[in-house]
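Following: one structure in structure tokens, then a few remarks.
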Amino acid sequence: MASIPVPYDGAHFDGARHDPAYGHRRAMVAPVDRPAPQAGVVDLIQAYRRHLTLFLLVAGGIMALVAAYTWLQTPRYTATATLVIAPHPAEIGSERTSALSDPAADSSVDTQVELLKSRTLAGLVVDRLDLADPARFAHLVATPSMRDAVPGLARTPQPVPASASTRRDAAIDRLVQGIDVHRTAQTFALSVSFEHPDRRLARDIVNSYAETFVAQSGAVKREGSDAVAALLRGQLDKARREVEAADGALGRYKVAHNLMSVQGGTIAEQQLSSLDGQVALARAGEAEASARLQTARQQLAHGSTGDDLGEALGSPVIQQLRSQRAVVSAQVADLGGKYGPKYPPLAAAQRQVADIDSQIQGEIRRTISNLEAQRDVAARRTASLNGSAAGARSQVVSNNVASVALGGLQLRSDTAHQSYAQLLTRLNEIGAQGASTRSDARVASLAALPTHPTSPNRPINLLVGALLAVAVGLAAVFMRQGTDRGIRTLEDVEGRLQMPYLAGLPTLGSAVRHVGGSDPISALVDHSGSAYAEGYRNLAASVLQSAAAGTVRTIALTSALPNEGKTTAAIGLARIVAMSGVSVVLVDADMRRPSIANALGLRPAIGLQQVLEGEAALDEALLPDIDSPLTILPMLRAGLGGSAALGNGSFDGLIEDLKARFDVVIFDASPVLPVVDGRLVAKKADATVLLVRWRKTPDAAVEMAIHLLQTLGVKMTGVALSRVDLHALARSGYGDPAQFMGSYTAYYAN
């Protein structure tokens with residue numbers, strides 16, 4: 001299982017073989033004084049986790065039945081429309097706008113409810129939707145059941161009446177029976193509902209009911225309102241023509257006198273404002289150009305050669321010429337200092353300097369000319385803008401004169417618009433009044449196409465089914481837990497049995513990921529580094545290295561009942577100890593049902609019974625284990641002869657012979673409850689291990705076996721659990737080392 005065993009080797013047993021006090025130090029491990037576990041919340045949770053499969057099966061079965069019942073039912077959809085009843089017409093312009101404050105209106109509302117349920121209205125709906133048609137009639141009266149959803153159980157459809165009048169009467173009966181009209185509390189709102197498997201038909205029937213009822217109840221009151229509305233529409237058309245004529249004259253006058261406005265001002269005013277701004281900018285530009293030209297002329301008049309003019313200083317051409325002149329001037333100075341004024345290259349350099357100066361003066365003259373041109377362009381632009389501004393200013397003056405006549409046209413247009421608006425308002429009031437007096441009812445909302453069935457209510461059914469499934473599942477687990485008294489964990493062993501917990505021997509499938517061709521016996525060799533082998537190492541360490549057990553040379557493995565995994569545990573324990581370097585012999589001491597030879601695939605000719613009866617020597621009966629250093633003393637045949645040897649001393653002599661040859665002797669003894677042989681063998685051993693099958697062996701059987709062994713004086717070492725499912729124990733093994741298995745699985749191979 002989960003703990004790390006104390007290492008053991010053959011030296012321990014070599015020393016014990018020469019110990020003179022050996023045989024008198026068979027100390028019996030004292031029972032663990034641990035209180036019985038109390039059922040708490042965590043224990044309850046773990047208990048339900050242990051029976052998770054049962055819970056899922058029961059709850060899943062309940063949910064499957066509920067789901068089948070829900071999905072086999074034919075969905076039925078309910079469409080609902082809302083009507084508002086107004087027994088007295090509302091009066092436009094008065095404080096009374098509804099009949100909600102009239103106590104006498106309640107009886108009128110009740111009357112409207114009965115009218116909605118009448119056969120006359122149902123007949124109008126049948127005619128409107130053509131429900132007397134054979135196909136639509138069959139669809140209307142069809143009532144599918146759960147049987148129709150199951151193949152082979154569907155019922156034969158009822159024949160459709162041949163007479164049209166019969167179908168119409170039957171359709172009316174169906175509508176009268178299915179229509180549901182009820183008043184919403186003490187309000188004047190009526191809900192009209194109809195349920196049918198066809199959601200579109202349910203919606204059409206409800207909407208037809210609402211529309212037909214409103215249309216019929218307002219037919220008489222509609223005539224007067226229509227006459228008044230027709231008269232007002234004629235006057236409104238005349239007013240509309242007057243508005244169009246006034247607006248047309250106003251627009252034409254504005255266009256003819258250029259009075260079109262943009263953002264609160266005329267176009268001429270907008271142009272004048274823009275031109276004034278441009279004139280100011282042009283004058284500023286002209287002043288700047290004139291100032292630059294005047295400054296340049298003043299510098300030239302005061303004897304400047306033009307080199308210090310701002311425009312000349314910024315000219316890239318002049319800058320380049322000056323750079324060339326500086327280079328040539330340096331050559332002139334150099335040649336003059338070396339050769340004198342008549343040296344020909346000096347004269348050429350001087351001519352080049354004069355030529356560069358001439359080019360510089362030419363560029364300065366062009367700069368002055370450019371300033372004069374810029375001044376002239378700015379002056380002409382200023383003059384042009386002044387002319388445009390003068391024309392715009394003249395247009396503004398003309399527009400102001402024309403605005404006097406424009407005011408009269410605008411007044412005529414405004415008057416026409418006011419007359420038209422008054423007529424339109426009155427027409428709207430008459431329309432509203434006609435709507436309020438046209439009928440004692442109006443449609444507040446038509447029925448929408450139902451998207452979810454009202455019957456069966458699948459979410460509610462599934463929710464109830466889930467609650468029922470959980471309740472029944474928990475009840476099943478509770479009942480199973482109440483009847484399950486098997487031993488599961490370390491706490492069960494030490495709390496309920498008051499015995500030391502030695503180890504848990506796992507099943508091969510839960511401890512080894514890839515089993516291959518191994519079986520529970522060969523896996524100890526094939527997968528010696530697995531959690532499966534570690535369980536047997538724990539058992540060996542618990543028995544051989546227990547601090548309170550003293551020196552252990554002989555070990556008896558027994559169980560309360562057959563088929564507890566005792567033989568497999570005995571072989572596994574013997575092989576694990578033998579593979580550690582200790583000489584071990586495994587004795588098949590089950591006198592009634594020997595099984596070690598068959599389990600290991602051996603075919604011995606001589607067995608334990610022949611040795612006890614003196615028919616053969618011990619060396620003739622001992623066989624080597626093929627897969628490990630273990631030695632086997634098999635039992636060849638069953639019978640009472642071997643049982644008799646347990647009490648005549650021959651078995652004691654055999655034990656002494658085996659102890660002289662081997663370090664450890666392990667006995668596979670008979671179960672405790674069926675026969676006495678197992679108890680007798682256990683009494684002769686230094687240590688006795690009681691095998692209990694995990695979750696299977698009843699508590700009463702284990703307690704009775706412990707009682708019988710202790711009554712006989714057997715030295716009980718403790719209890720080991722066999723066939724433990726590590727995965728299940730890790731999920732619900734509260735109180736057992738396996739609950740932490742997920743934290744240390746990396747210590748195991750495979």
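As shown in the structure tokens, the chain order sets the letters A, B, ...; within each chain, residues go from 1, and ligands are also counted from 1 in the order they appear.
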Could you pull out the strand (DSSP E or B) residues of range 314-529 of chain A from DSSP and send them as an MDAnalysis selection string? chainID A and resid 441:445 455 501:506
Go ahead and save the picked residues with all heavy atoms, as a tab-separated table (two decimals), in the first residue's frame.
```
chain	number	residue	atom	x	y	z
A	441	ALA	N	-63.69	47.51	-26.65
A	441	ALA	CA	-62.48	46.73	-26.38
A	441	ALA	C	-61.42	47.09	-27.41
A	441	ALA	O	-61.73	47.53	-28.52
A	441	ALA	CB	-62.77	45.23	-26.41
A	442	ARG	N	-60.21	46.90	-27.03
A	442	ARG	CA	-59.09	47.07	-27.95
A	442	ARG	C	-58.04	46.00	-27.65
A	442	ARG	O	-57.98	45.47	-26.53
A	442	ARG	CB	-58.46	48.45	-27.83
A	442	ARG	CG	-57.85	48.76	-26.49
A	442	ARG	CD	-57.30	50.17	-26.44
A	442	ARG	NE	-56.75	50.52	-25.15
A	442	ARG	CZ	-55.50	50.25	-24.77
A	442	ARG	NH1	-54.69	49.60	-25.58
A	442	ARG	NH2	-55.08	50.61	-23.56
A	443	VAL	N	-57.25	45.69	-28.64
A	443	VAL	CA	-56.22	44.66	-28.50
A	443	VAL	C	-54.98	45.29	-27.87
A	443	VAL	O	-54.37	46.19	-28.47
A	443	VAL	CB	-55.88	44.03	-29.86
A	443	VAL	CG1	-54.77	42.99	-29.68
A	443	VAL	CG2	-57.11	43.38	-30.47
A	444	ALA	N	-54.66	44.87	-26.68
A	444	ALA	CA	-53.43	45.36	-26.04
A	444	ALA	C	-52.20	44.70	-26.63
A	444	ALA	O	-51.17	45.34	-26.86
A	444	ALA	CB	-53.49	45.13	-24.53
A	445	SER	N	-52.29	43.41	-26.88
A	445	SER	CA	-51.17	42.69	-27.49
A	445	SER	C	-51.71	41.42	-28.13
A	445	SER	O	-52.49	40.70	-27.51
A	445	SER	CB	-50.09	42.35	-26.47
A	445	SER	OG	-50.60	41.48	-25.48
A	455	SER	N	-46.93	22.44	-22.05
A	455	SER	CA	-47.18	21.09	-21.55
A	455	SER	C	-46.58	20.10	-22.55
A	455	SER	O	-46.91	20.14	-23.74
A	455	SER	CB	-48.68	20.82	-21.40
A	455	SER	OG	-48.92	19.47	-21.07
A	501	TYR	N	-3.53	-2.75	12.11
A	501	TYR	CA	-3.66	-2.79	10.64
A	501	TYR	C	-2.28	-3.05	10.06
A	501	TYR	O	-1.35	-2.26	10.25
A	501	TYR	CB	-4.22	-1.46	10.14
A	501	TYR	CG	-4.29	-1.34	8.63
A	501	TYR	CD1	-5.32	-1.92	7.92
A	501	TYR	CD2	-3.32	-0.63	7.93
A	501	TYR	CE1	-5.40	-1.80	6.54
A	501	TYR	CE2	-3.39	-0.50	6.56
A	501	TYR	CZ	-4.43	-1.09	5.86
A	501	TYR	OH	-4.50	-0.97	4.50
A	502	LEU	N	-2.11	-4.16	9.33
A	502	LEU	CA	-0.80	-4.54	8.82
A	502	LEU	C	-0.55	-3.97	7.42
A	502	LEU	O	0.48	-3.36	7.18
A	502	LEU	CB	-0.68	-6.06	8.79
A	502	LEU	CG	-0.83	-6.76	10.15
A	502	LEU	CD1	-0.71	-8.26	10.00
A	502	LEU	CD2	0.21	-6.23	11.14
A	503	ALA	N	-1.45	-4.19	6.50
A	503	ALA	CA	-1.24	-3.74	5.13
A	503	ALA	C	-2.52	-3.97	4.35
A	503	ALA	O	-3.42	-4.69	4.79
A	503	ALA	CB	-0.07	-4.47	4.46
A	504	GLY	N	-2.56	-3.35	3.18
A	504	GLY	CA	-3.64	-3.60	2.22
A	504	GLY	C	-3.04	-4.16	0.96
A	504	GLY	O	-2.13	-3.57	0.38
A	505	LEU	N	-3.52	-5.33	0.54
A	505	LEU	CA	-2.98	-5.99	-0.65
A	505	LEU	C	-3.88	-5.63	-1.83
A	505	LEU	O	-5.03	-6.06	-1.90
A	505	LEU	CB	-2.94	-7.50	-0.44
A	505	LEU	CG	-2.19	-7.97	0.82
A	505	LEU	CD1	-2.21	-9.48	0.93
A	505	LEU	CD2	-0.75	-7.45	0.81
A	506	PRO	N	-3.36	-4.85	-2.77
A	506	PRO	CA	-4.23	-4.35	-3.84
A	506	PRO	C	-4.52	-5.40	-4.90
A	506	PRO	O	-3.82	-6.40	-5.04
A	506	PRO	CB	-3.41	-3.19	-4.43
A	506	PRO	CG	-2.00	-3.58	-4.19
A	506	PRO	CD	-1.98	-4.34	-2.89
```
Considering only C-alpha atoms, return as a PyMOL selection string whatever protein or nucleic-acid residues lie within 9 Å of Ser522 in chain A, sequence-local ones (same chain, fewer than 3 positions apart) excluded. chain A and resi 518-519+525-527+572+600+627
Selected residue of minimal separation from Thr80 in chain A among A:Thr295, A:His417, A:Leu446, A:Arg136, counting only C-alpha atoms: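 Checking each of A:Thr295, A:His417, A:Leu446, A:Arg136 against Thr80 in chain A, counting only C-alpha atoms, the winner is A:Leu446.
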Would you list the contacts of Ala523 in chain A as an NGL selection string, taking every protein, DNA or RNA residue within 12 Å and counting only C-alpha atoms, but skipping same-chain residues closer than 3 positions in sequence? :A and (506-509 or 511-520 or 526-534 or 536 or 568 or 571-572 or 575-576 or 627-628 or 750)
Range 224-241 of chain A surroundings by only C-alpha atoms, 7 Å radius, close-in-sequence under 4 positions cut, as a VMD selection string: chain A and resid 245 416 419 to 420 423 to 424 427 430 to 431 434
For range 580-586 of chain A: contacts at 7 Å, only C-alpha atoms, fewer than 3 positions along chain excluded, given as a list in words: Asp9, Gly10, Ala574, Ile576, Val577, Leu630, Thr631, Ile632, Leu633, Phe662, Asp663, Val664, Val665, Ile666 and Phe667 of chain A
Could you work out how far CA of Arg199 in chain A lies from CA of Arg76 in chain A, giving the answer in Å with one decimal? 7.5 Å
Can you tell me which residues surround range 608-614 of chain A at a distance of at most 12 Å, considering only C-alpha atoms, apart from same-chain residues fewer than 4 positions away, and format the answer as a PyMOL selection string? chain A and resi 586-592+594+596-597+604+618-623+632-655+657+667
To one decimal place in Å, what is the distance between CA of Leu467 in chain A and CA of Thr454 in chain A? 20.6 Å
I'd like the neighbourhood of Arg203 in chain A as a list in words, where a residue qualifies if any of its atoms comes within 8 Å (using only C-alpha atoms), though same-chain residues fewer than 4 positions away should be ignored.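 So the residues in contact are Thr78, Ala79, Thr80, Phe194, Arg199, Asn207, Ala447, Ala448, Leu449 and Pro450 of chain A.
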Export C-alpha atoms of the chosen residues as a PDB file, in the first residue's frame?
```pdb
ATOM      1  CA  THR A  78     -50.455  28.003 -25.355  1.00  0.00           C
ATOM      2  CA  ALA A  79     -50.925  31.296 -27.199  1.00  0.00           C
ATOM      3  CA  THR A  80     -52.253  34.295 -25.259  1.00  0.00           C
ATOM      4  CA  PHE A 194     -55.836  28.620 -26.410  1.00  0.00           C
ATOM      5  CA  ARG A 199     -48.312  26.395 -31.985  1.00  0.00           C
ATOM      6  CA  ASN A 207     -55.436  36.371 -32.586  1.00  0.00           C
ATOM      7  CA  ALA A 447     -50.371  36.488 -29.311  1.00  0.00           C
ATOM      8  CA  ALA A 448     -46.816  35.832 -30.388  1.00  0.00           C
ATOM      9  CA  LEU A 449     -45.736  32.494 -31.798  1.00  0.00           C
ATOM     10  CA  PRO A 450     -45.050  30.327 -28.721  1.00  0.00           C
TER      11      PRO A 450
END
```
d(CA of Arg537 in chain A, CA of Leu721 in chain A) in Å: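 Straight-line distance from CA of Arg537 in chain A to CA of Leu721 in chain A works out to 13.7 Å.
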Distance criterion (only C-alpha atoms): nearest to Gly60 in chain A out of A:Asp106, A:Leu524, A:Leu691, A:Val470: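 When distances to Gly60 in chain A are compared using only C-alpha atoms, the smallest one comes from A:Val470.
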Could you check the closest approach to Val109 in chain A for each of A:Ile85, A:Ala383, A:Val543, A:Ile626 and tell me which residue wins, using only C-alpha atoms?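 Among the listed residues, the smallest separation from Val109 in chain A belongs to A:Ile85.
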Could you please write out, as a ChimeraX atom specification, every residue of range 636-742 of chain A that DSSP assigns to helix (DSSP H, G or I)? /A:640-645,650-661,677-683,699-711,726-732,737-742
